[in-house]
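Next up, query_36.cif (mmCIF, C-alpha atoms and all ligand atoms):
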```cif
data_model
loop_
_atom_site.label_atom_id
_atom_site.label_comp_id
_atom_site.auth_asym_id
_atom_site.auth_seq_id
_atom_site.Cartn_x
_atom_site.Cartn_y
_atom_site.Cartn_z
CA MET A 1 0.29 -9.24 -22.87
CA LYS A 2 3.72 -8.34 -21.52
CA ALA A 3 4.56 -8.82 -17.87
CA MET A 4 7.56 -8.81 -15.57
CA ALA A 5 7.43 -12.37 -14.34
CA GLN A 6 9.56 -15.00 -12.65
CA ARG A 7 9.54 -18.57 -13.91
CA SER A 8 9.99 -20.34 -10.59
CA TRP A 9 9.71 -19.65 -6.85
CA LYS A 10 13.48 -19.86 -6.34
CA GLN A 11 14.80 -17.08 -4.11
CA SER A 12 17.18 -15.73 -6.76
CA GLU A 13 14.77 -16.02 -9.70
CA PRO A 14 14.85 -12.74 -11.69
CA LEU A 15 11.86 -10.84 -13.03
CA LEU A 16 12.01 -11.09 -16.83
CA LEU A 17 9.92 -9.40 -19.49
CA THR A 18 7.63 -12.27 -20.53
CA GLU A 19 4.85 -12.70 -23.07
CA ILE A 20 1.74 -14.19 -21.42
CA PRO A 21 -1.60 -14.84 -23.19
CA THR A 22 -4.08 -12.09 -22.23
CA PRO A 23 -6.99 -13.79 -20.50
CA LEU A 24 -10.46 -13.01 -21.80
CA PRO A 25 -12.56 -11.36 -19.09
CA LYS A 26 -15.04 -13.65 -17.34
CA PRO A 27 -18.62 -12.26 -17.16
CA ASN A 28 -17.80 -10.35 -13.92
CA GLU A 29 -14.31 -9.10 -14.94
CA ILE A 30 -12.73 -6.16 -16.73
CA VAL A 31 -9.49 -5.85 -18.69
CA VAL A 32 -7.43 -2.74 -17.94
CA ASP A 33 -4.72 -1.34 -20.20
CA VAL A 34 -2.16 -0.41 -17.51
CA LYS A 35 -0.51 3.02 -17.70
CA ALA A 36 1.21 3.25 -14.30
CA ILE A 37 2.15 0.84 -11.50
CA GLY A 38 3.08 1.84 -7.95
CA VAL A 39 5.92 -0.15 -6.35
CA ASN A 40 5.34 -1.37 -2.77
CA PRO A 41 7.41 -3.48 -0.35
CA VAL A 42 4.83 -6.28 -0.75
CA ASP A 43 5.93 -6.64 -4.41
CA TRP A 44 9.42 -7.83 -3.43
CA LYS A 45 8.33 -9.51 -0.18
CA MET A 46 6.19 -11.86 -2.26
CA ARG A 47 9.38 -12.97 -4.03
CA GLN A 48 11.13 -13.81 -0.75
CA ARG A 49 10.63 -16.73 1.58
CA GLY A 50 7.86 -15.83 4.05
CA PRO A 51 4.11 -15.81 4.68
CA LEU A 52 3.26 -13.72 1.60
CA ARG A 53 5.11 -15.95 -0.86
CA PHE A 54 3.69 -19.03 0.86
CA ALA A 55 0.14 -17.73 0.40
CA ALA A 56 0.73 -16.71 -3.23
CA ARG A 57 2.15 -20.17 -4.04
CA LEU A 58 -0.73 -21.89 -2.30
CA ILE A 59 -3.73 -19.96 -3.61
CA GLY A 60 -2.40 -17.69 -6.39
CA PRO A 61 -2.37 -18.34 -10.14
CA PRO A 62 0.14 -20.80 -11.64
CA LEU A 63 3.66 -19.81 -12.72
CA PRO A 64 4.99 -17.65 -14.26
CA PHE A 65 4.55 -15.42 -11.20
CA VAL A 66 3.76 -11.76 -11.93
CA THR A 67 4.29 -9.62 -8.86
CA GLY A 68 2.73 -6.22 -8.06
CA VAL A 69 -0.63 -4.93 -6.83
CA ASP A 70 -1.11 -1.25 -7.74
CA PHE A 71 -2.26 -0.15 -11.18
CA ALA A 72 -3.97 2.71 -12.97
CA GLY A 73 -5.15 2.57 -16.55
CA VAL A 74 -8.06 2.44 -18.97
CA VAL A 75 -10.76 -0.24 -19.27
CA THR A 76 -10.45 -1.94 -22.68
CA ALA A 77 -12.91 -4.83 -22.31
CA LYS A 78 -15.57 -6.04 -19.90
CA GLY A 79 -17.63 -9.15 -19.22
CA ALA A 80 -21.38 -9.27 -19.86
CA GLU A 81 -22.31 -8.86 -16.17
CA VAL A 82 -20.31 -5.65 -15.68
CA LYS A 83 -22.81 -2.78 -15.66
CA ASP A 84 -21.21 0.12 -13.77
CA LEU A 85 -17.98 0.40 -15.77
CA GLN A 86 -17.55 1.29 -19.43
CA VAL A 87 -14.80 0.63 -21.94
CA GLY A 88 -12.72 3.82 -21.94
CA ASP A 89 -13.13 4.54 -18.19
CA ALA A 90 -9.90 5.55 -16.41
CA VAL A 91 -9.62 3.45 -13.26
CA VAL A 92 -7.28 2.78 -10.33
CA GLY A 93 -7.14 -0.43 -8.36
CA GLY A 94 -5.25 -3.39 -6.96
CA THR A 95 -4.89 -6.98 -8.14
CA ASN A 96 -5.75 -9.83 -5.77
CA PHE A 97 -3.92 -13.17 -6.03
CA SER A 98 -6.47 -14.85 -3.75
CA ARG A 99 -8.92 -14.40 -6.63
CA GLY A 100 -6.51 -16.21 -8.93
CA GLN A 101 -5.34 -12.97 -10.55
CA ARG A 102 -1.85 -12.23 -11.80
CA GLY A 103 -0.02 -9.20 -10.39
CA SER A 104 0.07 -5.70 -11.85
CA TYR A 105 3.63 -5.60 -13.31
CA ALA A 106 2.14 -5.92 -16.79
CA ASP A 107 0.60 -3.94 -19.62
CA ARG A 108 -2.79 -5.55 -18.92
CA VAL A 109 -4.58 -6.70 -15.77
CA VAL A 110 -7.83 -8.63 -15.44
CA VAL A 111 -9.75 -7.83 -12.24
CA ARG A 112 -13.29 -7.51 -10.91
CA PRO A 113 -15.13 -4.17 -10.81
CA ASP A 114 -15.21 -4.11 -6.98
CA GLN A 115 -11.38 -3.81 -6.99
CA VAL A 116 -11.29 -0.50 -8.87
CA CYS A 117 -12.48 3.07 -8.59
CA VAL A 118 -13.28 5.27 -11.59
CA LEU A 119 -11.03 8.34 -11.67
CA PRO A 120 -12.41 11.87 -11.97
CA PRO A 121 -11.70 13.53 -15.34
CA GLY A 122 -8.12 14.78 -15.66
CA PHE A 123 -6.78 12.74 -12.71
CA ASP A 124 -3.06 12.05 -13.28
CA LEU A 125 -2.71 8.32 -14.02
CA GLU A 126 0.81 8.21 -12.60
CA VAL A 127 -0.40 9.63 -9.28
CA ALA A 128 -3.33 7.19 -9.37
CA GLY A 129 -1.03 4.23 -10.00
CA ALA A 130 0.96 5.10 -6.87
CA LEU A 131 -2.11 5.23 -4.61
CA PRO A 132 -3.86 1.89 -4.04
CA VAL A 133 -1.79 -0.03 -1.46
CA THR A 134 -0.61 3.03 0.47
CA GLY A 135 -3.96 4.84 0.30
CA VAL A 136 -6.07 1.82 1.19
CA THR A 137 -3.72 0.84 4.05
CA ALA A 138 -3.78 4.35 5.49
CA TRP A 139 -7.58 4.55 5.17
CA MET A 140 -8.16 1.15 6.78
CA SER A 141 -5.74 1.97 9.62
CA LEU A 142 -7.14 5.39 10.48
CA VAL A 143 -10.81 5.00 9.68
CA GLU A 144 -11.94 1.35 9.55
CA ILE A 145 -9.77 0.17 12.44
CA GLY A 146 -8.82 3.42 14.19
CA HIS A 147 -12.26 5.12 14.02
CA LEU A 148 -10.36 8.43 14.06
CA GLN A 149 -12.63 11.44 14.67
CA PRO A 150 -12.04 15.20 14.31
CA GLY A 151 -9.92 16.64 17.12
CA GLN A 152 -8.57 13.22 18.21
CA LYS A 153 -4.87 12.44 18.02
CA ALA A 154 -3.03 10.11 15.61
CA LEU A 155 0.58 8.97 15.99
CA ILE A 156 2.18 7.84 12.71
CA LEU A 157 5.41 5.83 13.06
CA GLY A 158 7.27 5.93 9.74
CA ALA A 159 5.60 9.18 8.62
CA SER A 160 7.99 9.79 5.70
CA GLY A 161 7.34 6.47 3.90
CA GLY A 162 4.73 5.57 1.30
CA VAL A 163 1.97 4.64 3.76
CA GLY A 164 3.06 7.18 6.39
CA GLN A 165 2.86 10.19 4.05
CA ILE A 166 -0.71 9.36 3.03
CA ALA A 167 -1.68 8.57 6.64
CA VAL A 168 -0.41 11.95 7.90
CA GLN A 169 -2.39 13.81 5.22
CA LEU A 170 -5.60 11.78 5.54
CA ALA A 171 -5.52 12.09 9.34
CA LYS A 172 -4.97 15.84 9.23
CA ASN A 173 -6.79 17.06 6.12
CA VAL A 174 -9.65 14.57 5.81
CA ARG A 175 -10.30 13.38 9.40
CA GLY A 176 -9.40 16.68 11.11
CA ALA A 177 -7.11 14.99 13.63
CA VAL A 178 -4.08 16.27 15.52
CA VAL A 179 -1.12 14.43 13.99
CA VAL A 180 2.20 13.46 15.52
CA GLY A 181 4.65 12.00 12.99
CA VAL A 182 7.85 10.05 13.64
CA CYS A 183 10.67 10.16 11.09
CA SER A 184 14.42 10.78 10.89
CA GLN A 185 15.98 14.24 11.05
CA LYS A 186 16.35 14.55 7.26
CA ASN A 187 12.59 14.14 6.75
CA VAL A 188 11.29 16.38 9.55
CA ALA A 189 10.60 19.35 7.22
CA LEU A 190 8.73 17.15 4.74
CA VAL A 191 6.51 15.56 7.40
CA LYS A 192 5.69 19.03 8.81
CA GLU A 193 4.85 20.19 5.29
CA LEU A 194 2.47 17.22 4.89
CA GLY A 195 0.53 18.58 7.86
CA ALA A 196 1.88 16.93 11.01
CA ASP A 197 1.34 19.17 14.05
CA VAL A 198 4.31 17.67 15.87
CA VAL A 199 7.25 15.79 14.37
CA ILE A 200 9.48 13.54 16.48
CA ASP A 201 12.97 12.79 15.15
CA TYR A 202 13.61 9.14 16.03
CA SER A 203 17.38 9.61 15.80
CA GLN A 204 17.35 12.09 18.72
CA SER A 205 15.34 10.18 21.32
CA ASP A 206 13.13 7.14 21.90
CA PRO A 207 10.11 8.25 19.81
CA LEU A 208 7.54 6.39 21.92
CA ALA A 209 8.88 7.99 25.10
CA ALA A 210 8.78 11.40 23.38
CA ALA A 211 5.23 10.72 22.13
CA LYS A 212 4.04 10.27 25.76
CA ALA A 213 4.00 14.06 26.08
CA HIS A 214 1.24 14.14 23.42
CA ALA A 215 -0.81 11.10 24.56
CA PRO A 216 -3.51 9.86 24.68
CA PHE A 217 -3.85 8.86 21.03
CA GLN A 218 -6.94 7.44 19.36
CA VAL A 219 -4.70 5.60 16.91
CA VAL A 220 -1.02 4.64 16.74
CA VAL A 221 -0.17 3.49 13.21
CA ASP A 222 3.10 1.54 13.02
CA CYS A 223 4.41 1.63 9.43
CA VAL A 224 7.91 0.53 10.55
CA GLY A 225 7.61 -2.63 12.65
CA GLY A 226 9.89 -3.47 15.54
CA TYR A 227 8.36 -0.94 17.94
CA SER A 228 7.19 -2.43 21.24
CA GLY A 229 3.51 -3.35 21.10
CA SER A 230 3.03 -2.72 24.82
CA ALA A 231 4.65 0.73 24.55
CA CYS A 232 2.34 1.58 21.63
CA ARG A 233 -0.75 0.38 23.53
CA ALA A 234 0.28 2.44 26.57
CA LEU A 235 -0.12 5.60 24.47
CA LEU A 236 -3.78 4.92 23.63
CA GLY A 237 -6.82 6.56 25.16
CA PRO A 238 -10.07 4.66 25.85
CA GLY A 239 -11.27 2.96 22.63
CA GLY A 240 -7.92 3.66 20.96
CA ARG A 241 -6.19 1.28 18.52
CA HIS A 242 -2.58 0.33 17.81
CA VAL A 243 -2.54 -0.62 14.11
CA MET A 244 0.31 -2.85 12.91
CA VAL A 245 0.88 -2.03 9.25
CA ALA A 246 4.44 -3.39 9.22
CA GLY A 247 5.76 -6.42 11.06
CA ASP A 248 5.18 -9.52 8.96
CA SER A 249 6.48 -12.10 11.43
CA PRO A 250 3.99 -14.29 13.31
CA LEU A 251 5.63 -13.07 16.55
CA ALA A 252 4.87 -9.44 15.68
CA GLN A 253 1.33 -10.31 14.62
CA ALA A 254 0.77 -12.17 17.93
CA GLN A 255 0.35 -8.72 19.53
CA VAL A 256 -3.31 -8.92 18.49
CA LEU A 257 -3.74 -11.64 21.15
CA VAL A 258 -2.42 -9.52 24.01
CA PRO A 259 -5.04 -8.02 26.39
CA PRO A 260 -6.70 -5.52 26.28
CA TRP A 261 -6.79 -6.50 22.58
CA THR A 262 -6.22 -2.95 21.32
CA SER A 263 -3.49 -4.01 18.84
CA LYS A 264 -4.87 -4.82 15.41
CA SER A 265 -3.19 -5.90 12.20
CA VAL A 266 -4.23 -4.63 8.81
CA LEU A 267 -4.21 -6.41 5.46
CA ALA A 268 -4.67 -3.97 2.61
CA ARG A 269 -7.21 -5.05 -0.01
CA SER A 270 -8.23 -2.55 -2.67
CA THR A 271 -11.98 -2.11 -2.90
CA THR A 272 -14.02 0.61 -4.55
CA ALA A 273 -15.29 1.77 -1.15
CA ARG A 274 -11.75 2.19 0.22
CA LEU A 275 -10.23 3.69 -2.91
CA LYS A 276 -12.97 6.29 -3.44
CA PRO A 277 -12.31 8.49 -0.35
CA VAL A 278 -8.58 8.44 -1.07
CA VAL A 279 -9.05 9.36 -4.74
CA ASP A 280 -11.49 12.11 -3.70
CA ALA A 281 -8.94 13.47 -1.20
CA VAL A 282 -6.27 13.66 -3.90
CA ALA A 283 -8.71 15.25 -6.37
CA ALA A 284 -9.61 17.86 -3.72
CA GLY A 285 -5.93 18.67 -3.11
CA LYS A 286 -6.11 17.33 0.47
CA VAL A 287 -3.59 14.55 -0.17
CA LYS A 288 -0.48 14.83 -2.33
CA VAL A 289 1.44 11.85 -3.68
CA HIS A 290 5.17 12.31 -3.69
CA ILE A 291 6.64 10.38 -6.66
CA VAL A 292 10.42 10.17 -6.33
CA GLU A 293 11.46 7.80 -9.15
CA ARG A 294 10.04 6.50 -12.41
CA PHE A 295 11.25 3.43 -14.31
CA PRO A 296 10.16 1.56 -17.42
CA LEU A 297 8.46 -1.72 -16.47
CA ALA A 298 11.48 -3.68 -17.69
CA ASP A 299 13.57 -2.04 -14.92
CA ALA A 300 11.39 -3.42 -12.11
CA GLU A 301 14.43 -5.03 -10.47
CA LYS A 302 16.03 -1.57 -10.06
CA ALA A 303 12.81 -0.33 -8.46
CA HIS A 304 12.87 -3.27 -6.04
CA GLN A 305 16.45 -2.51 -5.02
CA LEU A 306 15.41 1.04 -4.15
CA SER A 307 12.35 -0.06 -2.20
CA GLN A 308 14.36 -2.70 -0.32
CA SER A 309 16.70 0.01 0.98
CA GLY A 310 13.89 0.98 3.40
CA ARG A 311 14.86 4.64 2.95
CA MET A 312 12.33 5.71 0.31
CA VAL A 313 10.67 9.07 0.92
CA GLY A 314 7.76 8.65 -1.47
CA LYS A 315 6.72 6.42 -4.31
CA VAL A 316 8.44 4.67 -7.19
CA VAL A 317 6.32 4.23 -10.32
CA LEU A 318 6.76 1.79 -13.23
CA ARG A 319 5.53 2.61 -16.76
CA PRO A 320 4.62 -0.30 -19.06
N1 LIG B 1 -0.23 -4.75 6.24
C1 LIG B 1 -0.41 -4.23 5.03
O1 LIG B 1 -1.43 -4.45 4.38
C2 LIG B 1 0.67 -3.33 4.50
C3 LIG B 1 0.36 -2.41 3.49
C4 LIG B 1 1.35 -1.55 3.05
C5 LIG B 1 2.63 -1.63 3.59
N2 LIG B 1 2.90 -2.57 4.53
C6 LIG B 1 4.24 -2.65 5.14
O2 LIG B 1 4.46 -1.44 5.85
C7 LIG B 1 5.82 -1.07 5.76
C8 LIG B 1 5.93 0.36 5.21
O3 LIG B 1 5.49 0.39 3.87
P1 LIG B 1 5.81 1.68 2.99
O4 LIG B 1 5.27 1.46 1.64
O5 LIG B 1 5.44 2.91 3.74
O6 LIG B 1 7.41 1.54 2.96
P2 LIG B 1 8.53 2.60 2.51
O7 LIG B 1 7.92 3.71 1.74
O8 LIG B 1 9.60 1.80 1.88
O9 LIG B 1 9.05 3.15 3.94
C9 LIG B 1 10.30 3.73 3.99
C10 LIG B 1 10.28 4.83 5.04
O10 LIG B 1 10.36 4.26 6.34
C11 LIG B 1 11.08 5.18 7.16
N3 LIG B 1 11.66 4.50 8.32
C12 LIG B 1 12.54 3.48 8.31
N4 LIG B 1 12.86 3.15 9.59
C13 LIG B 1 12.16 3.99 10.41
C14 LIG B 1 12.03 4.12 11.84
N5 LIG B 1 12.71 3.36 12.68
N6 LIG B 1 11.20 5.09 12.34
C15 LIG B 1 10.49 5.88 11.50
N7 LIG B 1 10.58 5.80 10.13
C16 LIG B 1 11.39 4.86 9.60
C17 LIG B 1 12.15 5.69 6.21
O11 LIG B 1 12.55 6.99 6.62
P3 LIG B 1 14.02 7.26 7.22
O12 LIG B 1 15.00 6.99 6.10
O13 LIG B 1 13.94 8.66 7.63
O14 LIG B 1 14.18 6.29 8.34
C18 LIG B 1 11.43 5.77 4.87
O15 LIG B 1 10.92 7.07 4.60
C19 LIG B 1 6.49 -2.15 4.93
O16 LIG B 1 7.02 -3.12 5.80
C20 LIG B 1 5.36 -2.75 4.14
O17 LIG B 1 5.59 -4.08 3.74
C21 LIG B 1 1.95 -3.43 4.99
#
```

If you took the structure in this file and wrote it as structure tokens, what would it be?
Ligand SMILES: NC(=O)c1ccc[n+]([C@@H]2O[C@H](COP(=O)([O-])OP(=O)(O)OC[C@H]3O[C@@H](n4cnc5c(N)ncnc54)[C@H](OP(=O)(O)O)[C@@H]3O)[C@@H](O)[C@H]2O)c1
Amino acid sequence: MKAMAQRSWKQSEPLLLTEIPTPLPKPNEIVVDVKAIGVNPVDWKMRQRGPLRFAARLIGPPLPFVTGVDFAGVVTAKGAEVKDLQVGDAVVGGTNFSRGQRGSYADRVVVRPDQVCVLPPGFDLEVAGALPVTGVTAWMSLVEIGHLQPGQKALILGASGGVGQIAVQLAKNVRGAVVVGVCSQKNVALVKELGADVVIDYSQSDPLAAAKAHAPFQVVVDCVGGYSGSACRALLGPGGRHVMVAGDSPLAQAQVLVPPWTSKSVLARSTTARLKPVVDAVAAGKVKVHIVERFPLADAEKAHQLSQSGRMVGKVVLRP
């Protein structure tokens, strides 16, 4: 199989198109012929010094290192124990290095069935490929951690980004919540179009101070990092949750230890149960995925430069 891989863990090590032997599926694994790969900040963060790279080095597969999580494609082989998936099924999912799996920047991935969701007929594979990390993160934040119910309020910090766009739409169109989104002036119209009831332009005023007028919130989802944890918690109603999507530093994550323990961190892991409601929402037209750039897999470095700008207003997709 072909993959974009780096040969060492050096900081400056480039991703190079590399031939890697395709592993045979174990009895509980499937092989997927990858058609589209969504680019996420985690893909380049795993190449930089920090907790993600440390974990991948410690418990991930041996070098060469293939980065990437998101994929959509078609099942081409399966192990003897796999009953619920068939060769030829179109699926979406995420790789998991803690299971010893290589990343998704490749023309093949080998994963377990509980990491994928079968796509409804006619589902656009490019849209599917852009969904897993953002969709699963938004779902976990709003539903699993936030317990967001119809009529309650959700505040989404970073509403114009990959996770933020899906969170606004899931909160509004699937959970029936009242949504307040925070973004810069140039993205206000887009965030309104996605369904936010109120949009706060962070370049005009302190967004958390402005959000006070709309409190209390059931959930405050921080997709930016750097916002004050105590200010976020102060906006919550009883039983509310401040969900830290961004903020990788141990100091940021230490907010979970601060009473009254309403700050929670999220670690996105693609599972069938989390992917299914997101896929269903897209199939029903309740969530739209905004793809802004497409690159051949070999141009993954260009995609990483774009993502690292921190100014993306939608998804970048790689095609093997
Ligand atoms: N914990 C997890 O499991 C998990 C999962 C997914 C993502 N993440 C992390 O969450 C973060 C967001 O991911 P993503 O995929 O959504 O990234 P992204 O698409 O690259 O986010 C870029 C967006 O952030 C907006 N933004 C930047 N600064 C902002 C600010 N101060 N206030 C409001 N919006 C701001 C930008 O809009 P403007 O240009 O208008 O500022 C841009 O639209 C990343 O740090 C990522 O690593 C964590």

Nearby polymer residues, ligand LIG 1 (chain B), at most 7 Å, only C-alpha atoms and all ligand atoms, as a PyMOL selection string: chain A and resi 40-42+133-134+137+157-164+182-187+202+223-225+244-247+265-268+307-308+310-315

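Checking A:Gly122, A:Gly237, A:Gly88, A:Pro113 one by one against Gln152 of chain A, counting only C-alpha atoms, you find the shortest gap at A:Gly237.
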
Taking (-10.1, 3.4, 24.9) in the coordinates of the supplied file, I want to know which residues reach to within 10 Å of it, counting all atoms listed in the file; could you give the answer as a PDB file with C-alpha atoms, keeping the file's coordinate frame?
```
ATOM      1  CA  PRO A 216      -3.510   9.860  24.680  1.00  0.00           C
ATOM      2  CA  PHE A 217      -3.850   8.860  21.030  1.00  0.00           C
ATOM      3  CA  GLN A 218      -6.940   7.440  19.360  1.00  0.00           C
ATOM      4  CA  VAL A 219      -4.700   5.600  16.910  1.00  0.00           C
ATOM      5  CA  ARG A 233      -0.750   0.380  23.530  1.00  0.00           C
ATOM      6  CA  LEU A 236      -3.780   4.920  23.630  1.00  0.00           C
ATOM      7  CA  GLY A 237      -6.820   6.560  25.160  1.00  0.00           C
ATOM      8  CA  PRO A 238     -10.070   4.660  25.850  1.00  0.00           C
ATOM      9  CA  GLY A 239     -11.270   2.960  22.630  1.00  0.00           C
ATOM     10  CA  GLY A 240      -7.920   3.660  20.960  1.00  0.00           C
ATOM     11  CA  ARG A 241      -6.190   1.280  18.520  1.00  0.00           C
ATOM     12  CA  PRO A 260      -6.700  -5.520  26.280  1.00  0.00           C
ATOM     13  CA  THR A 262      -6.220  -2.950  21.320  1.00  0.00           C
TER      14      THR A 262
END
```

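Between Asp114 of chain A and the candidates A:Glu144, A:Glu29, A:Glu81, A:Asp89, the tightest atom-to-atom separation, counting all atoms listed in the file, involves A:Glu29.
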
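A straight line drawn from atom CA of Val118 of chain A to atom CA of Val75 of chain A is 9.8 Å long.
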
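Taking atom CA of Arg57 of chain A and atom CA of Ala252 of chain A as endpoints, the distance between them is 22.6 Å.
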
Leu194 of chain A environment, 8 Å, all atoms listed in the file, sequence neighbours closer than 5 positions dropped, as a ChimeraX atom specification: /A:165,168-169

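One finds atom CA of Ala303 of chain A at 23.3 Å from atom CA of Ala55 of chain A.
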
Nearest-residue call for Ile30 of chain A, choices A:Ser203, A:Ser141, A:Gln149, A:Gln86, using only C-alpha atoms: A:Gln86

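With only C-alpha atoms as the atoms that count, the minimum distance from Gly93 of chain A to the choices A:Ala273, A:Val198, A:Val179, A:Leu63 is reached by A:Ala273.
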
Given only C-alpha atoms as the counted atoms, nearest of A:Val221, A:Val287, A:Val282, A:Val258 to Val180 of chain A: A:Val221

Within 9 Å of file point (-18.5, -8.3, -13.9), counting all atoms listed in the file, expressed as a PyMOL selection string: chain A and resi 25-30+78-85+111-114

Might I get the box with edges along x, y and z of the file that holds all atoms of segment 62-72 of chain A listed there, padded by 3 Å on every side, given as centre and edge lengths in Å to one decimal, as AutoDock Vina command-line options?
```
--center_x 0.5 --center_y -9.0 --center_z -10.5 --size_x 15.0 --size_y 29.5 --size_z 13.4
```

Filtering to all heavy atoms, could segment 86-93 of chain A of the supplied structure be written out as a PDB file, in the first residue's frame?
```
ATOM      1  N   GLN A  86     -19.626  -6.319   5.040  1.00  0.00           N
ATOM      2  CA  GLN A  86     -19.371  -7.146   3.865  1.00  0.00           C
ATOM      3  C   GLN A  86     -18.353  -6.465   2.969  1.00  0.00           C
ATOM      4  O   GLN A  86     -18.274  -5.228   2.948  1.00  0.00           O
ATOM      5  CB  GLN A  86     -20.677  -7.347   3.053  1.00  0.00           C
ATOM      6  CG  GLN A  86     -21.851  -7.840   3.857  1.00  0.00           C
ATOM      7  CD  GLN A  86     -21.553  -9.122   4.637  1.00  0.00           C
ATOM      8  OE1 GLN A  86     -20.749  -9.959   4.212  1.00  0.00           O
ATOM      9  NE2 GLN A  86     -22.173  -9.271   5.796  1.00  0.00           N
ATOM     10  N   VAL A  87     -17.603  -7.265   2.219  1.00  0.00           N
ATOM     11  CA  VAL A  87     -16.734  -6.701   1.195  1.00  0.00           C
ATOM     12  C   VAL A  87     -17.626  -5.920   0.221  1.00  0.00           C
ATOM     13  O   VAL A  87     -18.700  -6.384  -0.154  1.00  0.00           O
ATOM     14  CB  VAL A  87     -15.970  -7.828   0.451  1.00  0.00           C
ATOM     15  CG1 VAL A  87     -15.268  -7.293  -0.798  1.00  0.00           C
ATOM     16  CG2 VAL A  87     -14.958  -8.479   1.402  1.00  0.00           C
ATOM     17  N   GLY A  88     -17.219  -4.701  -0.099  1.00  0.00           N
ATOM     18  CA  GLY A  88     -18.030  -3.851  -0.980  1.00  0.00           C
ATOM     19  C   GLY A  88     -18.806  -2.775  -0.228  1.00  0.00           C
ATOM     20  O   GLY A  88     -19.280  -1.813  -0.826  1.00  0.00           O
ATOM     21  N   ASP A  89     -18.920  -2.900   1.113  1.00  0.00           N
ATOM     22  CA  ASP A  89     -19.621  -1.869   1.908  1.00  0.00           C
ATOM     23  C   ASP A  89     -18.826  -0.562   1.873  1.00  0.00           C
ATOM     24  O   ASP A  89     -17.604  -0.563   2.061  1.00  0.00           O
ATOM     25  CB  ASP A  89     -19.748  -2.300   3.384  1.00  0.00           C
ATOM     26  CG  ASP A  89     -20.866  -3.298   3.621  1.00  0.00           C
ATOM     27  OD1 ASP A  89     -21.695  -3.498   2.716  1.00  0.00           O
ATOM     28  OD2 ASP A  89     -20.902  -3.884   4.733  1.00  0.00           O
ATOM     29  N   ALA A  90     -19.533   0.557   1.691  1.00  0.00           N
ATOM     30  CA  ALA A  90     -18.907   1.876   1.830  1.00  0.00           C
ATOM     31  C   ALA A  90     -18.963   2.249   3.308  1.00  0.00           C
ATOM     32  O   ALA A  90     -20.026   2.175   3.931  1.00  0.00           O
ATOM     33  CB  ALA A  90     -19.656   2.900   0.992  1.00  0.00           C
ATOM     34  N   VAL A  91     -17.820   2.628   3.857  1.00  0.00           N
ATOM     35  CA  VAL A  91     -17.754   2.911   5.301  1.00  0.00           C
ATOM     36  C   VAL A  91     -16.993   4.209   5.559  1.00  0.00           C
ATOM     37  O   VAL A  91     -16.219   4.679   4.725  1.00  0.00           O
ATOM     38  CB  VAL A  91     -17.054   1.765   6.084  1.00  0.00           C
ATOM     39  CG1 VAL A  91     -17.864   0.497   6.061  1.00  0.00           C
ATOM     40  CG2 VAL A  91     -15.641   1.525   5.567  1.00  0.00           C
ATOM     41  N   VAL A  92     -17.226   4.758   6.760  1.00  0.00           N
ATOM     42  CA  VAL A  92     -16.480   5.921   7.244  1.00  0.00           C
ATOM     43  C   VAL A  92     -15.964   5.561   8.624  1.00  0.00           C
ATOM     44  O   VAL A  92     -16.619   4.819   9.352  1.00  0.00           O
ATOM     45  CB  VAL A  92     -17.392   7.172   7.285  1.00  0.00           C
ATOM     46  CG1 VAL A  92     -18.600   6.957   8.190  1.00  0.00           C
ATOM     47  CG2 VAL A  92     -16.626   8.398   7.740  1.00  0.00           C
ATOM     48  N   GLY A  93     -14.795   6.083   8.970  1.00  0.00           N
ATOM     49  CA  GLY A  93     -14.284   5.767  10.298  1.00  0.00           C
ATOM     50  C   GLY A  93     -12.995   6.485  10.627  1.00  0.00           C
ATOM     51  O   GLY A  93     -12.555   7.388   9.900  1.00  0.00           O
TER      52      GLY A  93
END
```
